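Chemist: I'd like to ask you about the structure that follows.
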Amino acid sequence: MYEHKERDKYWQDKWEAEKLYATPENPDATKKKYILDMFPYPSGAGLHVGHPEGYTATDIISRQMRMLGFDVLHPMGWDAFGLPAENYAIKMGVHPQESTAQNINRFREQIKSLGLSYDWSKEVNTSDPEYYKWTQWIFLKLYEKGLAYKKEASVNWCPKDQTVLANEQVIDGACDRCGTQVTQKKLSQWFFKITDYADRLLADMEVLDWPDSIKHMQKNWIGRSEGARIKFYVQDSDQQIEVFTTRPDTLFGATYMVLAPEHNLVAEITTDEQKEKINTYLEASKKKSELERTALEKDKTGEFTGSFAINPATEQPIPIWIADYVLATYGTGAIMAVPAHDERDYQFAVKYDLAVKQVIKTPIDYKEEVFTGEGQLINSGEYTNLDASEARSHITADFGRAQVQYKLRDWLVSRQRYWGAPIPIIYCERCGMIPVPESDLPVKLPTDVDFKPTGESPLVYSNDFHNVVCPKCGSHAKRDSDTMDTFVDSSWYFLRFTDPQNDKVFASQDQISKWMPVDMYQGGAEHAILHLLYARFFTKALSDLGCLPKEAFVNGEPFTKLRNQGLILGLNGERMSKSKGNVVNPDEVVAEFGADSFRMYEMFMGPLEDAKPWNTQGIVGVRRFLDRVFKFQENFVEGQGNANIHKLIKKISSDIQDMKFNTAVAAFMEFLNENQSMDNQTWETYLKLLAPFAPHITEDLWAKLGHDQSIHKEAWPIFDPSLVIDSEVTMVVQIMGKTRGSFKVALGVTQEEVKTKVMSDELIKKHLEGKEIVKEIFIPDKLINFVLKSEE
RNA sequence: GCCUAGGUGGCGGAACUGGCAUACGCAUGGGACUUAAAAUCCCAGGCCCGCAAGGGAUUGAGGGUUCGAUUCCCUCCCUAGGCACCA
């Protein structure tokens, strides 16, 4: 029996001492592979069984790549700043720096116990001043070019966590960390201008080797619509209201207008008679949460302003309403309502008895009241009879201008919490807003503050930190007291990994050129939008700012290939959670079965990207298999060379390439089941193939075979294509498409030969007795099928 | 409501380009070894009928294309994930 407790540790220590997985200093550009896992958030709970799933997959790939002669960068680090770490520290009554360090140590030990081949000299930690110095430096670069800006805006506020949140962090109107209903607050906050990149973030995705589902999600989040902006004059006034519409072809059907309650013309155009009603409505909608305003029952409410606008096409006055079904944050915050051809406008028109005018011909068999499809125009003056798409371009040209609109909004990055990178900006009484000079970086987090959330950043309570002199004029000044969103830290860590110890720049152009882009990126699908969108934005922006070697990237994209691992569920098929009591602790599994069994079981469970339930019984099978491997060598029976090993080389190589690790494990089992003896060379080849999956036990057996050098330094076996072609194949006999038997024939036999052979078979004869064969289907080396005359 | 992925034995899952459905593993039953148990090894079945040889049914449901469909097409049901008054 393989004594995993003792041997696993022995080999892990040896590998580390010998620096077996050190990254090559000067990788060959044509033979480099940057294989990356999304770095973990070192929570207080420690590693769960979900983490090693992706880590093992990339470890197998990294190990195989090294054996194939590639120069591999495979690093690990910690996404250590942020709200959960701070909340955990508050709960434990310690400083986040202390609890984070403890959590990292625990994570590192756990990861090391799995025998993953990371180069630990590349480790990064986002809460280290040597790291966040460069986070702040990047902030200043973005600021310099106007990509970071401060503005007063209505922002998402979590009352429990006492901080603002980005749109991407609000899920169904609730905080994605604590689930509390998010409210709106008007605050002056820092934003990154990700909207400048909306078109490129959308278009550049095409060439990426990413899961389609992730691409779709990003596409929907960016939300591109083509349409027009059209201005409407307010009757008896110089004021104009501009709207965005994707259906300018329905302009003649616009029978009223709606402004968002927050629209800046509301006060001005409200007539005296309507003032009271409008104010009541404004008050009411302000109190509504985002959730109430949007989701659930979509009962629309609104109020008439008393004013009218002129429809530029019909030149008729149409009433202007306000309603909170129109969002201030999208388009111009105002719409032209076409109730005949828009569901929402129709509902509203029916409720408030507003005119409905049809301008698109409804198909004859169409039964619904609202027709939102395309068709021929009617009731539309000179445009009548045009097709909708044609009318769209004409009406846009005649009454407005074409406009592309995105749902994506700028990224709100300020946070009113302690545990994050301070924003490197100073407010001087005389000079105004001043960026911290590069030479003064990092702006270190003060330690003399009570960091509990109060709604205001705790950093204002540190006198040394908050009150400073202006770096420009020397007058009294105050530092920005907010910290940056954790997602800022993680938007560039993959660049730092190429050159983590550099104290001159965030990473040298040379190292970035050598290693970027990431060839293989593995992580959970929960980052589909947040991290992956932000990281793409950062890479593109830094590239445009001249901070990255452009030629190293295609379209400024950081991750060429992306794959997600599915969730590992509890035994009951439900998501693992403490409250459900179905959490599996990897430490216990490793202690009982060993690292190799754990790794292989996680790969064997099913396709990497699928969600699948954990079953401790299942790991028994993998452990039994590894024991058989171990015993095979102990009781080695010298046998013949086996050409089937070439089929196995082919199978394992292609399965790793396609990341079908579950079938690779099955193939290992099958091969051993079928080969009770083999020659020495076949056995060594088998061990080499197995090495990336079970690095400890194969290393142990390799040493026992008398090799001085690690098996992980061996070259990956190459298969001989001539040896994977069978001389004999199994032919299937079907009658009327039903399989009635099978037999072995030599490769390339003719139809006649097969038929003769088949006809001598008793069972087949019985089936064909007294029937007339109408047709024979013959697929060489595969099958013969007899079609019989049907009995009537 | 919209978008995406999926539905195969008691369970996790496999199946190339339309060609032996259920590989591999778990669990189950039987046997070997053992004083015994565990561990290990061997064999078997998988839904229905049959002692057996064998036959029939079967990949969420229904229909279609085909000599032949888990695979392609249509309709529907269910599950998971995402988006959700975006004009």
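Chains: A, B, ... in order of the structure tokens. Residues: from 1 per chain. Ligands: from 1, in order shown.
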Could you pull out the alpha helix (DSSP H) residues of region 375-539 of chain A, going by DSSP on the backbone, and write them as an MDAnalysis selection string?

Modeler: chainID A and resid 388:399 463:466 486:489 493:496 509:515 530:539

Chemist: Emit the selected residues as a tab-separated table (two decimals), in the first residue's frame, including C-alpha atoms.

Modeler:
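Just written: again_23.tsv:
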chain	number	residue	atom	x	y	z
A	388	ALA	CA	-39.97	49.77	-41.21
A	389	SER	CA	-36.24	49.35	-41.69
A	390	GLU	CA	-36.16	51.72	-44.63
A	391	ALA	CA	-38.34	54.25	-42.82
A	392	ARG	CA	-35.98	54.07	-39.87
A	393	SER	CA	-33.04	55.47	-41.74
A	394	HIS	CA	-35.13	58.17	-43.48
A	395	ILE	CA	-36.89	59.38	-40.37
A	396	THR	CA	-33.62	59.33	-38.40
A	397	ALA	CA	-31.99	61.51	-41.02
A	398	ASP	CA	-34.95	63.90	-41.29
A	399	PHE	CA	-35.81	64.37	-37.61
A	463	ASN	CA	-5.25	62.64	11.64
A	464	ASP	CA	-1.88	61.71	10.13
A	465	PHE	CA	-3.48	60.20	7.12
A	466	HIS	CA	-6.30	62.63	6.48
A	486	THR	CA	-11.44	45.07	-4.49
A	487	PHE	CA	-12.16	44.44	-8.14
A	488	VAL	CA	-9.66	47.17	-9.00
A	489	ASP	CA	-6.91	45.13	-7.31
A	493	TYR	CA	-2.83	40.97	-10.92
A	494	PHE	CA	-2.15	38.72	-13.91
A	495	LEU	CA	0.26	41.39	-15.17
A	496	ARG	CA	2.08	41.53	-11.84
A	509	GLN	CA	7.61	45.60	-20.49
A	510	ASP	CA	10.03	42.81	-21.23
A	511	GLN	CA	8.44	40.30	-18.86
A	512	ILE	CA	4.94	41.29	-19.93
A	513	SER	CA	5.93	40.77	-23.57
A	514	LYS	CA	7.38	37.40	-22.76
A	515	TRP	CA	4.45	35.98	-20.85
A	530	LEU	CA	-17.49	41.55	-12.84
A	531	HIS	CA	-13.85	40.52	-12.86
A	532	LEU	CA	-13.62	39.42	-16.48
A	533	LEU	CA	-15.13	42.62	-17.83
A	534	TYR	CA	-13.03	44.87	-15.59
A	535	ALA	CA	-9.80	43.00	-16.39
A	536	ARG	CA	-10.45	43.31	-20.11
A	537	PHE	CA	-11.12	47.02	-19.68
A	538	PHE	CA	-7.90	47.51	-17.69
A	539	THR	CA	-5.76	45.71	-20.21

Chemist: Using only C-alpha atoms (C1' of nucleotides), select each residue of chain A with any atom at most 7 Å away from an atom of chain B, and give the selection as a PyMOL selection string.

Modeler: chain A and resi 213+217+245+294+298+325+330+335+344+407+605-606+617-618+621+666+732+736-737+739+777+783+785+787

Chemist: Could you jot down the CA of Pro319 (chain A) to CA of Tyr256 (chain A) separation for me, Å, one decimal place?

Modeler: 5.0 Å

Chemist: For region 441-449 of chain A, work out the shell of residues within 7 Å, counting only C-alpha atoms (C1' of nucleotides) and skipping chain neighbours fewer than 5 positions away, then give it as a PyMOL selection string.

Modeler: chain A and resi 129+132-133+422+424+458-459+461-462+465

Chemist: I need the residues from that last selection saved to file as a compact mmCIF listing (two decimals), in the first residue's frame (with all heavy atoms), if you can.

Modeler:
# COMPACT_ATOMS: atom_id res chain seq x y z
N PRO A 129 1.60 46.58 0.54
CA PRO A 129 1.88 47.93 -0.01
C PRO A 129 2.71 47.89 -1.29
O PRO A 129 2.53 48.75 -2.16
CB PRO A 129 2.67 48.61 1.11
CG PRO A 129 2.26 47.90 2.35
CD PRO A 129 1.95 46.48 1.96
N TYR A 132 -0.16 47.28 -3.78
CA TYR A 132 -1.18 48.31 -4.00
C TYR A 132 -0.59 49.66 -4.36
O TYR A 132 -1.29 50.54 -4.83
CB TYR A 132 -2.23 48.35 -2.88
CG TYR A 132 -1.85 48.86 -1.51
CD1 TYR A 132 -1.55 50.20 -1.28
CD2 TYR A 132 -1.89 48.00 -0.41
CE1 TYR A 132 -1.28 50.67 0.00
CE2 TYR A 132 -1.62 48.45 0.87
CZ TYR A 132 -1.31 49.79 1.08
OH TYR A 132 -1.05 50.26 2.34
N LYS A 133 0.71 49.77 -4.14
CA LYS A 133 1.41 50.94 -4.69
C LYS A 133 1.10 51.05 -6.19
O LYS A 133 0.84 52.14 -6.71
CB LYS A 133 2.92 50.75 -4.50
CG LYS A 133 3.78 51.76 -5.18
CD LYS A 133 5.26 51.45 -4.95
CE LYS A 133 6.12 52.42 -5.74
NZ LYS A 133 7.56 52.18 -5.53
N PRO A 422 -6.07 52.90 -0.58
CA PRO A 422 -6.53 54.28 -0.53
C PRO A 422 -6.45 54.96 -1.90
O PRO A 422 -5.55 54.67 -2.68
CB PRO A 422 -5.55 54.95 0.45
CG PRO A 422 -5.01 53.83 1.27
CD PRO A 422 -4.96 52.65 0.35
N PRO A 424 -5.43 57.69 -4.28
CA PRO A 424 -4.28 58.59 -4.15
C PRO A 424 -4.57 60.01 -4.65
O PRO A 424 -3.96 60.48 -5.61
CB PRO A 424 -3.22 57.90 -5.03
CG PRO A 424 -4.01 57.22 -6.09
CD PRO A 424 -5.31 56.80 -5.46
N PRO A 458 -13.57 55.21 7.30
CA PRO A 458 -12.85 55.28 8.58
C PRO A 458 -11.55 56.06 8.47
O PRO A 458 -11.02 56.53 9.47
CB PRO A 458 -12.57 53.81 8.91
CG PRO A 458 -13.47 53.02 8.04
CD PRO A 458 -13.75 53.84 6.83
N LEU A 459 -11.05 56.21 7.27
CA LEU A 459 -9.74 56.88 7.11
C LEU A 459 -9.78 58.34 7.52
O LEU A 459 -8.73 58.92 7.81
CB LEU A 459 -9.25 56.75 5.66
CG LEU A 459 -9.11 55.33 5.10
CD1 LEU A 459 -8.38 55.37 3.77
CD2 LEU A 459 -8.39 54.42 6.07
N TYR A 461 -10.72 59.43 10.21
CA TYR A 461 -10.42 59.53 11.65
C TYR A 461 -8.93 59.45 11.94
O TYR A 461 -8.52 59.59 13.08
CB TYR A 461 -11.18 58.45 12.43
CG TYR A 461 -12.66 58.58 12.24
CD1 TYR A 461 -13.40 57.58 11.60
CD2 TYR A 461 -13.34 59.74 12.65
CE1 TYR A 461 -14.76 57.72 11.39
CE2 TYR A 461 -14.69 59.89 12.44
CZ TYR A 461 -15.40 58.88 11.81
OH TYR A 461 -16.74 59.03 11.59
N SER A 462 -8.14 59.18 10.94
CA SER A 462 -6.69 59.19 11.16
C SER A 462 -6.17 60.57 10.82
O SER A 462 -6.17 60.98 9.66
CB SER A 462 -6.01 58.14 10.27
OG SER A 462 -4.61 58.36 10.29
N PHE A 465 -3.15 60.58 8.49
CA PHE A 465 -3.48 60.20 7.12
C PHE A 465 -4.27 61.30 6.42
O PHE A 465 -3.96 61.71 5.31
CB PHE A 465 -4.31 58.91 7.12
CG PHE A 465 -4.76 58.46 5.75
CD1 PHE A 465 -3.92 57.68 4.96
CD2 PHE A 465 -6.00 58.84 5.25
CE1 PHE A 465 -4.33 57.29 3.69
CE2 PHE A 465 -6.40 58.45 3.98
CZ PHE A 465 -5.56 57.67 3.20

Chemist: Contacts of region 55-61 of chain B at 6 Å or less, counting only C-alpha atoms (C1' of nucleotides), minus same-chain residues fewer than 6 places along, as a count of residues only?

Modeler: 3

Chemist: A:Thr305, A:Gln102, A:Ser653, A:Ser481: which is nearest Val266 (chain A), counting only C-alpha atoms?

Modeler: A:Thr305

Chemist: Excluding C72 (chain B) and any residue of its chain fewer than 2 positions from it, enumerate the residues within 9 Å of it, using only C-alpha atoms (C1' of nucleotides), and give them as a ChimeraX atom specification.

Modeler: /B:18,65,69

Chemist: Excluding Trp702 (chain A) and its own-chain neighbours fewer than 4 positions away, which residues fall within 8 Å of it when counting only C-alpha atoms (C1' of nucleotides)? Please give them as an mmCIF file with C-alpha atoms, in the first residue's frame.

Modeler:
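What follows is the written file around.cif:
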data_model
loop_
_atom_site.group_PDB
_atom_site.id
_atom_site.type_symbol
_atom_site.label_atom_id
_atom_site.label_comp_id
_atom_site.auth_asym_id
_atom_site.auth_seq_id
_atom_site.Cartn_x
_atom_site.Cartn_y
_atom_site.Cartn_z
ATOM 1 C CA GLU A 684 7.168 3.485 -17.644
ATOM 2 C CA LEU A 687 3.497 6.140 -15.337
ATOM 3 C CA THR A 698 3.980 8.163 -9.855
ATOM 4 C CA GLY A 706 15.766 3.321 -10.015
ATOM 5 C CA HIS A 707 15.540 6.708 -11.686
ATOM 6 C CA SER A 710 12.007 13.289 -11.144
ATOM 7 C CA ILE A 711 9.358 11.777 -13.393
#
